[in-house]
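Student: Coordinates in structure-v4.cif, mmCIF, C-alpha atoms, are listed below.
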data_my_file
loop_
_atom_site.label_atom_id
_atom_site.label_comp_id
_atom_site.auth_asym_id
_atom_site.auth_seq_id
_atom_site.Cartn_x
_atom_site.Cartn_y
_atom_site.Cartn_z
CA MET M 1 26.51 17.17 -10.66
CA PRO M 2 28.33 15.67 -7.59
CA ASN M 3 30.58 13.72 -9.97
CA ASN M 4 31.42 16.89 -11.90
CA ALA M 5 32.15 18.72 -8.67
CA ALA M 6 34.45 15.93 -7.49
CA LEU M 7 36.32 15.90 -10.76
CA ALA M 8 36.69 19.69 -10.61
CA VAL M 9 38.10 19.50 -7.08
CA GLY M 10 40.57 16.83 -8.08
CA LEU M 11 41.71 18.70 -11.15
CA GLY M 12 41.99 21.84 -9.06
CA LEU M 13 44.31 20.06 -6.63
CA GLY M 14 46.34 18.84 -9.54
CA ALA M 15 46.46 22.35 -11.00
CA VAL M 16 47.90 23.60 -7.73
CA LEU M 17 50.70 21.10 -8.14
CA LEU M 18 51.34 22.44 -11.62
CA THR M 19 51.83 25.97 -10.35
CA LEU M 20 53.98 25.19 -7.31
CA PRO M 21 57.76 25.74 -7.64
CA SER M 22 59.55 22.46 -8.19
CA GLY M 23 61.55 22.73 -5.00
CA ASP M 24 58.47 22.97 -2.76
CA LEU M 25 57.56 19.34 -3.32
CA HIS M 26 60.99 18.12 -4.49
CA LEU M 27 59.69 17.75 -8.02
CA GLU M 28 62.88 19.02 -9.67
CA ASP M 29 63.02 16.00 -11.94
CA TRP M 30 59.32 16.14 -12.90
CA GLY M 31 58.62 17.70 -16.26
CA PHE M 32 55.40 19.43 -17.25
CA ALA M 33 53.97 16.22 -18.80
CA LYS M 34 54.43 14.26 -15.57
CA ARG M 35 52.81 17.03 -13.57
CA LEU M 36 49.88 17.02 -15.97
CA VAL M 37 49.47 13.28 -15.48
CA LEU M 38 49.55 13.85 -11.72
CA CYS M 39 46.83 16.50 -12.13
CA VAL M 40 44.55 14.14 -14.04
CA ALA M 41 45.25 11.27 -11.63
CA ALA M 42 44.27 13.48 -8.69
CA GLY M 43 40.97 14.34 -10.37
CA VAL M 44 40.16 10.74 -11.22
CA THR M 45 41.09 9.57 -7.70
CA VAL M 46 38.76 12.08 -6.07
CA LEU M 47 35.98 11.09 -8.49
CA VAL M 48 36.43 7.39 -7.69
CA LEU M 49 36.41 8.05 -3.96
CA VAL M 50 33.22 10.12 -4.22
CA ARG M 51 31.49 7.42 -6.26
CA LEU M 52 32.63 4.75 -3.80
CA HIS M 53 31.28 6.83 -0.90
CA ARG M 54 27.94 7.25 -2.67
CA LEU M 55 27.74 3.52 -3.36
CA LEU M 56 28.58 2.42 0.18
CA PHE M 57 26.96 5.09 2.33
CA GLN M 58 24.52 7.40 0.53
CA PRO M 59 20.86 6.57 -0.26
CA LEU M 60 19.85 5.75 -3.82
CA GLU M 61 17.73 8.47 -5.43
CA LEU M 62 16.27 7.42 -8.80
CA LEU M 63 13.69 9.95 -9.99
CA ARG M 64 12.11 9.46 -13.43
CA THR M 65 10.20 12.08 -15.42
CA PRO M 66 6.85 11.17 -17.02
CA GLU M 67 8.38 10.54 -20.45
CA ASP M 68 11.53 8.72 -19.26
CA VAL M 69 10.10 5.21 -19.07
CA GLY M 70 7.58 3.12 -20.95
CA TYR M 71 7.53 4.71 -24.38
CA ILE M 72 9.31 3.84 -27.62
CA ALA M 73 10.86 6.85 -29.35
CA GLU M 74 11.45 5.96 -33.01
CA ASP M 75 12.19 7.82 -36.25
CA GLY M 76 14.18 10.51 -34.48
CA ARG M 77 11.34 11.59 -32.20
CA SER M 78 12.08 12.80 -28.69
CA LYS M 79 10.84 10.81 -25.69
CA ALA M 80 8.41 13.60 -24.80
CA ARG M 81 6.91 13.57 -28.32
CA ALA M 82 6.58 9.80 -28.30
CA ALA M 83 4.89 9.93 -24.90
CA ASN M 84 2.45 12.65 -25.94
CA GLU M 85 1.51 10.82 -29.13
CA ALA M 86 0.92 7.59 -27.21
CA ARG M 87 -1.28 9.41 -24.69
CA ARG M 88 -3.38 11.09 -27.37
CA ARG M 89 -3.89 8.01 -29.52
CA ARG M 90 -4.53 5.41 -26.84
CA LYS M 91 -8.04 4.20 -26.08
CA VAL M 92 -8.66 4.57 -22.37
CA GLY M 93 -11.59 2.17 -22.09
CA GLU M 94 -14.58 2.31 -19.75
CA LEU M 95 -12.92 3.52 -16.59
CA PRO M 96 -13.91 3.28 -12.92
CA PRO M 97 -13.98 6.54 -10.94
CA VAL M 98 -10.57 8.16 -11.10
CA TYR M 99 -9.95 9.08 -7.45
CA PRO M 100 -10.65 6.31 -4.91
CA ASN M 101 -11.21 7.23 -1.28
CA GLY M 102 -8.12 6.75 0.87
CA TRP M 103 -4.73 7.95 2.10
CA TYR M 104 -2.13 9.22 -0.37
CA ARG M 105 1.52 10.16 0.04
CA VAL M 106 2.36 13.83 -0.49
CA LEU M 107 6.09 13.86 0.24
CA ASP M 108 8.74 12.38 2.51
CA SER M 109 9.27 14.04 5.88
CA HIS M 110 12.88 15.00 5.21
CA MET M 111 11.72 17.11 2.25
CA LEU M 112 9.87 19.51 4.55
CA GLY M 113 11.95 21.29 7.18
CA ARG M 114 10.58 23.34 10.04
CA GLY M 115 9.19 26.60 8.65
CA GLU M 116 9.43 25.43 5.03
CA VAL M 117 6.74 25.61 2.33
CA ARG M 118 6.23 23.18 -0.57
CA SER M 119 3.86 23.10 -3.52
CA ALA M 120 2.06 19.86 -4.39
CA TYR M 121 -0.28 18.93 -7.22
CA ILE M 122 -2.34 15.91 -6.21
CA LEU M 123 -5.78 14.59 -7.17
CA GLY M 124 -6.06 17.39 -9.71
CA GLN M 125 -5.70 19.98 -6.93
CA GLN M 126 -3.03 22.56 -6.22
CA LEU M 127 -2.02 22.25 -2.56
CA VAL M 128 0.35 24.01 -0.18
CA VAL M 129 2.29 21.90 2.32
CA PHE M 130 4.13 23.56 5.19
CA ARG M 131 5.64 22.70 8.54
CA GLY M 132 4.80 25.01 11.42
CA HIS M 133 7.35 26.12 13.96
CA ASP M 134 5.92 23.51 16.33
CA GLY M 135 7.14 20.85 13.89
CA LYS M 136 3.73 19.74 12.65
CA ALA M 137 3.04 19.42 8.91
CA HIS M 138 -0.13 20.91 7.40
CA VAL M 139 -1.80 20.64 4.00
CA LEU M 140 -4.21 23.29 2.69
CA ASP M 141 -5.70 24.30 -0.64
CA ALA M 142 -3.13 26.50 -2.30
CA TYR M 143 -5.28 29.41 -3.51
CA CYS M 144 -6.04 32.29 -1.17
CA PRO M 145 -9.82 33.02 -1.22
CA HIS M 146 -9.09 36.76 -1.10
CA LEU M 147 -7.76 37.34 -4.62
CA GLY M 148 -6.46 33.92 -5.60
CA ALA M 149 -2.73 34.08 -4.92
CA ASN M 150 -0.95 30.73 -4.63
CA LEU M 151 0.13 30.32 -1.00
CA ALA M 152 2.87 27.86 -2.04
CA VAL M 153 4.57 30.42 -4.31
CA GLY M 154 6.18 32.99 -2.05
CA GLY M 155 4.12 32.21 1.04
CA ARG M 156 5.96 32.04 4.35
CA VAL M 157 5.38 30.31 7.67
CA LEU M 158 4.59 32.51 10.67
CA GLY M 159 4.24 30.40 13.80
CA ASN M 160 1.83 27.69 12.70
CA CYS M 161 0.19 29.76 9.97
CA ILE M 162 0.91 30.28 6.29
CA GLU M 163 1.05 33.90 5.14
CA CYS M 164 -0.26 34.84 1.70
CA PRO M 165 2.50 36.48 -0.38
CA PHE M 166 0.01 38.91 -1.98
CA HIS M 167 -1.62 40.78 0.93
CA GLY M 168 -0.30 39.05 4.05
CA TRP M 169 -3.46 37.21 5.11
CA GLN M 170 -2.53 34.44 7.57
CA TYR M 171 -4.20 31.02 7.61
CA ARG M 172 -3.92 28.50 10.43
CA GLY M 173 -2.60 25.10 9.46
CA SER M 174 -4.82 23.34 12.00
CA ASP M 175 -8.15 24.30 10.43
CA GLY M 176 -7.45 26.66 7.51
CA LYS M 177 -9.17 29.65 9.14
CA CYS M 178 -7.82 33.12 8.52
CA GLU M 179 -6.24 34.37 11.74
CA LYS M 180 -5.05 37.80 10.71
CA ILE M 181 -5.51 40.42 7.98
CA PRO M 182 -2.72 42.97 8.52
CA TYR M 183 -4.68 45.99 7.24
CA SER M 184 -8.09 45.11 8.75
CA ASP M 185 -9.34 45.09 12.33
CA LYS M 186 -11.88 42.36 11.62
CA VAL M 187 -11.44 38.93 10.05
CA PRO M 188 -14.62 37.56 8.42
CA GLU M 189 -15.82 34.32 9.99
CA PHE M 190 -16.02 32.65 6.60
CA ALA M 191 -12.43 33.58 5.62
CA GLN M 192 -10.94 30.11 5.33
CA VAL M 193 -9.10 27.76 2.98
CA ARG M 194 -9.79 24.05 2.83
CA ARG M 195 -7.72 21.98 5.23
CA TRP M 196 -6.93 18.44 4.08
CA PRO M 197 -6.87 15.75 6.79
CA SER M 198 -3.26 14.68 7.00
CA CYS M 199 -0.92 12.52 9.02
CA GLU M 200 2.82 12.07 9.30
CA VAL M 201 3.84 8.47 9.80
CA ASN M 202 6.73 6.28 8.66
CA GLN M 203 8.64 9.45 7.71
CA GLN M 204 6.00 10.44 5.16
CA VAL M 205 3.30 13.11 5.01
CA LEU M 206 -0.01 11.75 3.69
CA ILE M 207 -3.43 13.26 3.03
CA TRP M 208 -6.88 11.72 3.21
CA PHE M 209 -9.27 12.04 0.28
CA HIS M 210 -12.96 11.22 0.35
CA CYS M 211 -15.30 12.43 -2.39
CA ASP M 212 -18.04 13.18 0.16
CA GLY M 213 -15.74 14.94 2.59
CA LEU M 214 -15.92 12.21 5.21
CA GLU M 215 -13.23 12.04 7.87
CA PRO M 216 -10.62 9.22 7.71
CA GLN M 217 -12.16 5.77 8.05
CA TRP M 218 -8.89 4.01 8.83
CA SER M 219 -5.34 4.98 9.74
CA VAL M 220 -1.99 4.23 8.12
CA PRO M 221 -0.21 1.77 10.42
CA GLU M 222 3.08 2.86 11.90
CA GLN M 223 5.99 0.54 11.16
CA PRO M 224 7.79 0.11 14.49
CA GLU M 225 11.26 -0.56 13.04
CA VAL M 226 11.08 2.73 11.10
CA ALA M 227 9.67 4.70 14.04
CA ASN M 228 12.35 3.54 16.49
CA GLY M 229 15.25 3.97 14.04
CA GLN M 230 16.12 0.28 13.86
CA TRP M 231 15.63 0.45 10.08
CA VAL M 232 17.09 3.49 8.31
CA TYR M 233 16.36 5.26 5.05
CA ARG M 234 18.29 3.78 2.10
CA GLY M 235 16.73 5.46 -0.91
CA ARG M 236 13.72 6.23 -3.06
CA THR M 237 12.60 5.77 -6.64
CA GLU M 238 9.88 7.84 -8.32
CA HIS M 239 7.97 7.11 -11.51
CA PHE M 240 5.07 8.80 -13.29
CA ILE M 241 2.66 6.41 -14.99
CA ASN M 242 -0.01 7.14 -17.55
CA CYS M 243 -2.84 4.85 -16.46
CA HIS M 244 -5.81 4.53 -14.12
CA ILE M 245 -4.79 4.08 -10.49
CA GLN M 246 -6.55 0.71 -10.17
CA GLU M 247 -4.29 -0.85 -12.81
CA ILE M 248 -1.24 -0.61 -10.53
CA PRO M 249 -2.41 -2.45 -7.38
CA GLU M 250 -4.30 -4.94 -9.57
CA ASN M 251 -0.88 -6.14 -10.71
CA GLY M 252 -0.45 -7.86 -7.36
CA ALA M 253 -3.41 -10.14 -8.05
CA ASP M 254 -2.39 -10.77 -11.66
CA ILE M 255 -0.25 -13.75 -10.78
CA ALA M 256 0.10 -15.06 -14.35
CA HIS M 257 1.95 -11.97 -15.59
CA LEU M 258 4.88 -12.65 -13.26
CA GLY M 259 5.87 -15.80 -15.12
CA HIS M 260 5.94 -13.97 -18.44
CA LEU M 261 6.98 -10.38 -17.78
CA HIS M 262 9.22 -10.78 -14.75
CA THR M 263 10.96 -14.11 -15.33
CA PRO M 264 13.82 -12.71 -17.47
CA GLY M 265 16.82 -11.67 -15.38
CA LEU M 266 17.62 -8.09 -14.47
CA PRO M 267 20.42 -7.79 -17.07
CA SER M 268 17.71 -8.11 -19.75
CA GLY M 269 16.67 -4.55 -18.94
CA VAL M 270 13.26 -2.87 -19.17
CA ASP M 271 12.57 -2.56 -22.91
CA LEU M 272 10.05 -5.33 -23.57
CA ARG M 273 11.28 -5.71 -27.14
CA TYR M 274 14.52 -7.18 -25.81
CA THR M 275 13.86 -8.68 -22.37
CA ASN M 276 13.50 -12.18 -23.81
CA SER M 277 16.83 -11.97 -25.62
CA LYS M 278 18.78 -15.25 -25.63
CA THR M 279 21.86 -13.34 -24.45
CA TRP M 280 20.65 -13.31 -20.85
CA GLU M 281 18.35 -16.33 -20.78
CA PHE M 282 20.71 -18.15 -18.40
CA VAL M 283 19.47 -15.80 -15.61
CA ARG M 284 15.85 -16.44 -14.61
CA HIS M 285 13.54 -15.40 -11.78
CA ASP M 286 10.93 -17.81 -10.40
CA TRP M 287 7.86 -16.59 -8.54
CA LYS M 288 5.26 -18.20 -6.31
CA VAL M 289 2.54 -15.75 -5.34
CA GLU M 290 -0.72 -15.71 -3.38
CA TRP M 291 -3.11 -12.77 -3.01
CA ASP M 292 -5.99 -12.48 -0.53
CA PRO M 293 -8.07 -9.70 1.04
CA GLU M 294 -8.04 -9.39 4.82
CA PRO M 295 -11.20 -9.90 6.89
CA GLU M 296 -12.89 -7.32 9.11
CA PRO M 297 -11.93 -5.05 10.78
CA ASN M 298 -9.14 -4.73 8.17
CA SER M 299 -11.24 -5.24 5.06
CA HIS M 300 -9.53 -2.18 3.55
CA CYS M 301 -6.30 -4.22 3.51
CA SER M 302 -5.04 -7.09 1.38
CA GLN M 303 -1.91 -9.24 1.35
CA MET M 304 0.31 -10.60 -1.38
CA ARG M 305 2.81 -13.29 -0.32
CA VAL M 306 5.75 -13.75 -2.67
CA ASN M 307 8.44 -16.41 -2.70
CA HIS M 308 11.20 -15.52 -5.14
CA SER M 309 14.11 -17.65 -6.30
CA LEU M 310 16.90 -17.06 -8.81
CA THR M 311 18.29 -19.65 -11.21
CA LEU M 312 21.63 -19.39 -12.99
CA PHE M 313 22.20 -21.77 -15.93
CA GLY M 314 19.24 -23.77 -14.67
CA CYS M 315 20.62 -24.13 -11.13
CA ARG M 316 18.69 -22.56 -8.28
CA LEU M 317 20.71 -20.40 -5.88
CA PRO M 318 19.10 -21.00 -2.45
CA LEU M 319 21.22 -18.30 -0.83
CA LEU M 320 19.30 -15.70 -2.86
CA ASP M 321 15.79 -16.99 -2.10
CA LEU M 322 13.70 -14.07 -0.93
CA ARG M 323 10.36 -13.98 0.86
CA VAL M 324 8.26 -10.82 0.62
CA VAL M 325 4.93 -10.01 2.28
CA ALA M 326 3.20 -7.05 0.63
CA ARG M 327 0.36 -5.57 2.66
CA GLN M 328 -1.80 -3.03 0.88
CA VAL M 329 -3.62 -0.48 3.04
CA GLY M 330 -6.33 1.24 1.03
CA PRO M 331 -5.82 2.18 -2.61
CA GLY M 332 -2.54 4.09 -2.31
CA VAL M 333 -0.17 2.54 0.26
CA VAL M 334 1.64 -0.83 0.25
CA PHE M 335 4.20 -2.12 2.76
CA LEU M 336 6.60 -4.72 1.33
CA ARG M 337 8.55 -6.52 4.05
CA PHE M 338 11.73 -8.39 3.17
CA ASP M 339 13.05 -11.22 5.29
CA HIS M 340 16.28 -12.95 4.30
CA SER M 341 18.63 -15.07 6.39
CA PHE M 342 21.72 -13.60 4.73
CA LEU M 343 20.69 -10.22 3.26
CA GLY M 344 18.78 -9.09 6.36
CA ARG M 345 15.37 -7.52 6.85
CA GLY M 346 13.80 -4.34 5.59
CA LEU M 347 10.75 -2.49 4.37
CA MET M 348 9.87 -0.92 1.04
CA MET M 349 6.92 1.49 1.02
CA HIS M 350 5.15 1.52 -2.33
CA CYS M 351 2.90 4.57 -2.65
CA VAL M 352 0.58 5.44 -5.54
CA THR M 353 -0.68 9.02 -5.64
CA PRO M 354 -3.00 10.28 -8.40
CA VAL M 355 -1.66 13.48 -9.93
CA GLU M 356 -4.40 13.68 -12.56
CA PRO M 357 -7.08 11.16 -13.57
CA LEU M 358 -4.67 9.22 -15.79
CA LEU M 359 -1.32 10.18 -14.29
CA GLN M 360 -0.03 8.44 -11.18
CA CYS M 361 3.08 9.22 -9.15
CA VAL M 362 4.54 5.99 -7.75
CA THR M 363 7.33 6.01 -5.18
CA HIS M 364 9.27 3.15 -3.61
CA THR M 365 10.96 4.18 -0.36
CA MET M 366 13.42 1.75 1.21
CA PHE M 367 14.20 1.30 4.91
CA TYR M 368 16.65 -1.40 5.96
CA GLN M 369 18.56 -2.74 8.93
CA ARG M 370 21.13 -0.23 10.08
CA ASN M 371 23.86 -2.88 10.40
CA ILE M 372 23.50 -4.11 6.80
CA PRO M 373 25.75 -2.34 4.26
CA ALA M 374 23.80 0.22 2.25
CA VAL M 375 24.78 -1.43 -1.02
CA VAL M 376 22.46 -4.39 -0.23
CA PRO M 377 19.13 -2.50 0.07
CA LYS M 378 20.21 -0.20 -2.78
CA PHE M 379 20.69 -3.24 -5.01
CA ILE M 380 17.25 -4.56 -4.02
CA LEU M 381 15.71 -1.15 -4.70
CA LYS M 382 17.42 -0.92 -8.09
CA GLY M 383 16.29 -4.44 -8.98
CA GLU M 384 12.72 -3.58 -8.00
CA SER M 385 12.95 -0.49 -10.20
CA ILE M 386 13.99 -2.56 -13.22
CA GLN M 387 11.13 -5.01 -12.74
CA PHE M 388 8.70 -2.17 -12.10
CA GLU M 389 9.68 -0.32 -15.27
CA ARG M 390 8.71 -3.37 -17.29
CA ASP M 391 5.21 -2.97 -15.87
CA VAL M 392 5.32 0.75 -16.65
CA MET M 393 5.79 -0.01 -20.35
CA ILE M 394 2.60 -2.08 -20.23
CA TRP M 395 0.57 0.42 -18.20
CA ASN M 396 1.57 3.43 -20.30
CA ASN M 397 0.24 1.85 -23.48
CA LYS M 398 -2.68 -0.39 -22.45
CA MET M 399 -6.42 0.11 -22.42
CA TYR M 400 -8.49 -0.54 -19.30
CA ILE M 401 -10.90 -3.41 -19.89
CA SER M 402 -13.89 -3.13 -17.58
CA LYS M 403 -15.15 -6.63 -18.49
CA PRO M 404 -11.97 -8.60 -19.16
CA LEU M 405 -11.85 -12.04 -20.77
CA LEU M 406 -10.53 -14.15 -17.91
CA VAL M 407 -9.76 -17.84 -17.46
CA LYS M 408 -10.08 -19.72 -14.18
CA GLU M 409 -6.39 -19.13 -13.38
CA ASP M 410 -7.16 -15.39 -13.36
CA ALA M 411 -9.65 -15.69 -10.50
CA ALA M 412 -7.56 -13.45 -8.22
CA VAL M 413 -7.97 -10.54 -10.66
CA ARG M 414 -11.75 -10.75 -10.38
CA ARG M 415 -11.53 -10.95 -6.57
CA HIS M 416 -9.18 -7.97 -6.49
CA ARG M 417 -11.62 -5.84 -8.49
CA ARG M 418 -14.41 -6.67 -6.07
CA TRP M 419 -12.16 -5.79 -3.13
CA PHE M 420 -10.95 -2.52 -4.70
CA SER M 421 -14.50 -1.37 -5.50
CA GLN M 422 -15.04 -0.55 -1.79
CA PHE M 423 -12.92 2.59 -2.28
CA TYR M 424 -15.44 4.13 -4.70
CA SER M 425 -18.57 5.97 -3.63
CA GLN M 426 -21.61 7.10 -5.57
CA ASN M 427 -20.13 10.57 -5.92
CA SER M 428 -16.57 9.49 -6.78
CA PRO M 429 -15.30 11.68 -9.64
CA GLN M 430 -15.39 10.26 -13.16
CA LEU M 431 -12.99 11.07 -15.96
CA GLU M 432 -13.75 14.19 -17.95
CA TYR M 433 -11.58 13.54 -20.97
CA GLN M 434 -9.94 16.63 -22.43
CA ARG M 435 -7.55 15.73 -25.22
CA ASP M 436 -5.72 19.04 -25.18
CA THR M 437 -4.65 18.80 -21.54
CA LEU M 438 -2.67 15.56 -21.71
CA ASP M 439 0.68 16.77 -23.04
CA PHE M 440 3.75 16.61 -20.81
#
In structure tokens, write the structure found in this file.

Tutor:
Amino acid sequence: MPNNAALAVGLGLGAVLLTLPSGDLHLEDWGFAKRLVLCVAAGVTVLVLVRLHRLLFQPLELLRTPEDVGYIAEDGRSKARAANEARRRRKVGELPPVYPNGWYRVLDSHMLGRGEVRSAYILGQQLVVFRGHDGKAHVLDAYCPHLGANLAVGGRVLGNCIECPFHGWQYRGSDGKCEKIPYSDKVPEFAQVRRWPSCEVNQQVLIWFHCDGLEPQWSVPEQPEVANGQWVYRGRTEHFINCHIQEIPENGADIAHLGHLHTPGLPSGVDLRYTNSKTWEFVRHDWKVEWDPEPEPNSHCSQMRVNHSLTLFGCRLPLLDLRVVARQVGPGVVFLRFDHSFLGRGLMMHCVTPVEPLLQCVTHTMFYQRNIPAVVPKFILKGESIQFERDVMIWNNKMYISKPLLVKEDAAVRRHRRWFSQFYSQNSPQLEYQRDTLDF
């Protein structure tokens, strides 16, 4: 849409030139054809300038729909049809509980202005997210207990309360209690909607989930470079993945898959049928990875240390060597820190949020040094997206194996499963499989 608008502006400027009298711009010798060329040139110039501005200065926003990535649409089928057929036919396996206890991203802070209301569907629940006039974000169950209206659809913020669009009942964001019923002198003590424990840190709003209703057992660490503005927002990618949530962080401990799935260069693309094409085999990625859980008091955290190098025609390019430390905090938040002598330093926040039992929303949000041109972190973010979408094609079509056949080189996978099991409780919800609810 911005490109179309730019082209329209440019053509409009050119059209003005077409309608001006020749003497106004000393175009007596210009015929209609030359003026038409000038019109088109003006449009193209504006379009190029807008694209250049977006490339150099604006954040990258790459938002995929659930059927966009990871499915093969053949025989004239649409992507949505191919995705729905794959979801219906796939064996899901013997799954762990579907919603681990932990913190999950709801949205980025800049998406929620003061006094604004947003709808969110997370963990199989319809939620309302709003920012009070004091600037604090709140997350409540969306349905009014009076007669069931959705507070996120037409509700408005009054002070630090959300007003129901149906009858005007007002609920406090701090605890969910009803503060006012406009046509009643008395508010029942039990008039209340569920308040979700939430926090706003690293320019994101997150909620805490625990199947037994326990209060947060750890906090999401603030990243100082983001908090003090030293590192600035450079973009976000968003993908929806049809798999169990545990499959995604387990990838970090599956060291062997890097050498097979992620060795082909970025030009090979994301379709696994073609990534090993000989056309691009002269570009290769090399990976050295270690994964370990952290000891107490941070046993809810783990670290993956990655050393990446790029080879071109068999020659390693030391200037592009990249070291990444990925620290996972609970089941849904990972901080990937980049440190490069030439390309600078930055942070990518990888967040996995369950939408439904077998549908995960995964975002990668990039913050980078302010003095580094935006094109650098945007290139890194785009490269990460390409590599990630190769994984998506695996996740969208695989079955979860509860007792996998592992060799000794897969020891980190077994250790990761033991570590991740701490986020399940006896009452953690299990999958209730309903075939007719899986269509996009």

Student: Expanded to explicit residues, what is the PyMOL selection byres ((chain M and resi 403) around 12) for this file, as an MDAnalysis selection string?

Tutor: chainID M and resid 93:96 399:402 404:406 413:414 417

Student: Would you export the selected residues with C-alpha atoms as a PDB file, keeping the file's coordinate frame, please?

Tutor:
ATOM      1  CA  GLY M  93     -11.590   2.170 -22.090  1.00  0.00           C
ATOM      2  CA  GLU M  94     -14.580   2.310 -19.750  1.00  0.00           C
ATOM      3  CA  LEU M  95     -12.920   3.520 -16.590  1.00  0.00           C
ATOM      4  CA  PRO M  96     -13.910   3.280 -12.920  1.00  0.00           C
ATOM      5  CA  MET M 399      -6.420   0.110 -22.420  1.00  0.00           C
ATOM      6  CA  TYR M 400      -8.490  -0.540 -19.300  1.00  0.00           C
ATOM      7  CA  ILE M 401     -10.900  -3.410 -19.890  1.00  0.00           C
ATOM      8  CA  SER M 402     -13.890  -3.130 -17.580  1.00  0.00           C
ATOM      9  CA  PRO M 404     -11.970  -8.600 -19.160  1.00  0.00           C
ATOM     10  CA  LEU M 405     -11.850 -12.040 -20.770  1.00  0.00           C
ATOM     11  CA  LEU M 406     -10.530 -14.150 -17.910  1.00  0.00           C
ATOM     12  CA  VAL M 413      -7.970 -10.540 -10.660  1.00  0.00           C
ATOM     13  CA  ARG M 414     -11.750 -10.750 -10.380  1.00  0.00           C
ATOM     14  CA  ARG M 417     -11.620  -5.840  -8.490  1.00  0.00           C
TER      15      ARG M 417
END

Student: I would like the residues chosen by the PyMOL selection byres ((chain M and resi 188) around 12) on the shown file; could you give them as a PyMOL selection string?

Tutor: chain M and resi 145-146+169+177-181+184-187+189-192

Student: Please produce a file of the residues just selected, as a PDB file, in the frame of the given file, where the atoms kept are C-alpha atoms.

Tutor:
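The resulting selection_38.pdb:
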ATOM      1  CA  PRO M 145      -9.820  33.020  -1.220  1.00  0.00           C
ATOM      2  CA  HIS M 146      -9.090  36.760  -1.100  1.00  0.00           C
ATOM      3  CA  TRP M 169      -3.460  37.210   5.110  1.00  0.00           C
ATOM      4  CA  LYS M 177      -9.170  29.650   9.140  1.00  0.00           C
ATOM      5  CA  CYS M 178      -7.820  33.120   8.520  1.00  0.00           C
ATOM      6  CA  GLU M 179      -6.240  34.370  11.740  1.00  0.00           C
ATOM      7  CA  LYS M 180      -5.050  37.800  10.710  1.00  0.00           C
ATOM      8  CA  ILE M 181      -5.510  40.420   7.980  1.00  0.00           C
ATOM      9  CA  SER M 184      -8.090  45.110   8.750  1.00  0.00           C
ATOM     10  CA  ASP M 185      -9.340  45.090  12.330  1.00  0.00           C
ATOM     11  CA  LYS M 186     -11.880  42.360  11.620  1.00  0.00           C
ATOM     12  CA  VAL M 187     -11.440  38.930  10.050  1.00  0.00           C
ATOM     13  CA  GLU M 189     -15.820  34.320   9.990  1.00  0.00           C
ATOM     14  CA  PHE M 190     -16.020  32.650   6.600  1.00  0.00           C
ATOM     15  CA  ALA M 191     -12.430  33.580   5.620  1.00  0.00           C
ATOM     16  CA  GLN M 192     -10.940  30.110   5.330  1.00  0.00           C
TER      17      GLN M 192
END

Student: For the file shown, what are the residues hit by the PyMOL selection byres ((chain M and resi 320) around 12), laid out as a list in words?

Tutor: His285, Asp286, Asn307, His308, Ser309, Leu310, Thr311, Leu312, Cys315, Arg316, Leu317, Pro318, Leu319, Asp321, Leu322, Arg323, Asp339, His340, Ser341, Phe342, Leu343, Gly344 and Ile380 of chain M

Student: CA of Val106 (chain M) and CA of Val270 (chain M), how far apart in Å?

Tutor: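 Between CA of Val270 (chain M) and CA of Val106 (chain M) the gap is 27.3 Å.
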
Student: Near region 277-283 of chain M, counting only C-alpha atoms, which residues have an atom at most 7 Å away, once you skip same-chain residues fewer than 3 positions from it, shown as a list in words?

Tutor: Pro264, Gly265, Pro267, Ser268, Tyr274, Thr311, Leu312, Phe313 and Gly314 of chain M

Student: Looking at M:Tyr183, M:Trp208, M:Trp419, M:Trp291, which one is nearest to Gly332 (chain M), with distances taken over all atoms listed in the file?

Tutor: M:Trp208

Student: Got a sec: who's within 12 Å of Gly113 (chain M), counting all atoms listed in the file, leaving out chain neighbours fewer than 5 positions off, as a PDB file with C-alpha atoms, in the frame of the given file?

Tutor:
ATOM      1  CA  LEU M 107       6.090  13.860   0.240  1.00  0.00           C
ATOM      2  CA  ASP M 108       8.740  12.380   2.510  1.00  0.00           C
ATOM      3  CA  ARG M 118       6.230  23.180  -0.570  1.00  0.00           C
ATOM      4  CA  VAL M 129       2.290  21.900   2.320  1.00  0.00           C
ATOM      5  CA  PHE M 130       4.130  23.560   5.190  1.00  0.00           C
ATOM      6  CA  ARG M 131       5.640  22.700   8.540  1.00  0.00           C
ATOM      7  CA  GLY M 132       4.800  25.010  11.420  1.00  0.00           C
ATOM      8  CA  HIS M 133       7.350  26.120  13.960  1.00  0.00           C
ATOM      9  CA  ASP M 134       5.920  23.510  16.330  1.00  0.00           C
ATOM     10  CA  GLY M 135       7.140  20.850  13.890  1.00  0.00           C
ATOM     11  CA  LYS M 136       3.730  19.740  12.650  1.00  0.00           C
ATOM     12  CA  ALA M 137       3.040  19.420   8.910  1.00  0.00           C
ATOM     13  CA  VAL M 157       5.380  30.310   7.670  1.00  0.00           C
TER      14      VAL M 157
END

Student: Could you check how far CA of Val329 (chain M) sits from CA of Ile255 (chain M), in Å to one decimal?

Tutor: 19.5 Å

Student: Tell me which of M:Arg194, M:His167, M:His210, M:Arg90 sits closest to Ser428 (chain M), counting all atoms listed in the file.

Tutor: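 Looking only at the distances to Ser428 (chain M), the closest residue turns out to be M:His210.
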
Student: Using only C-alpha atoms, can you tell me which of M:Leu358, M:Val50, M:Ala41, M:Leu158 comes closest to Glu116 (chain M)?

Tutor: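 Ranking M:Leu358, M:Val50, M:Ala41, M:Leu158 by distance to Glu116 (chain M), first place goes to M:Leu158.
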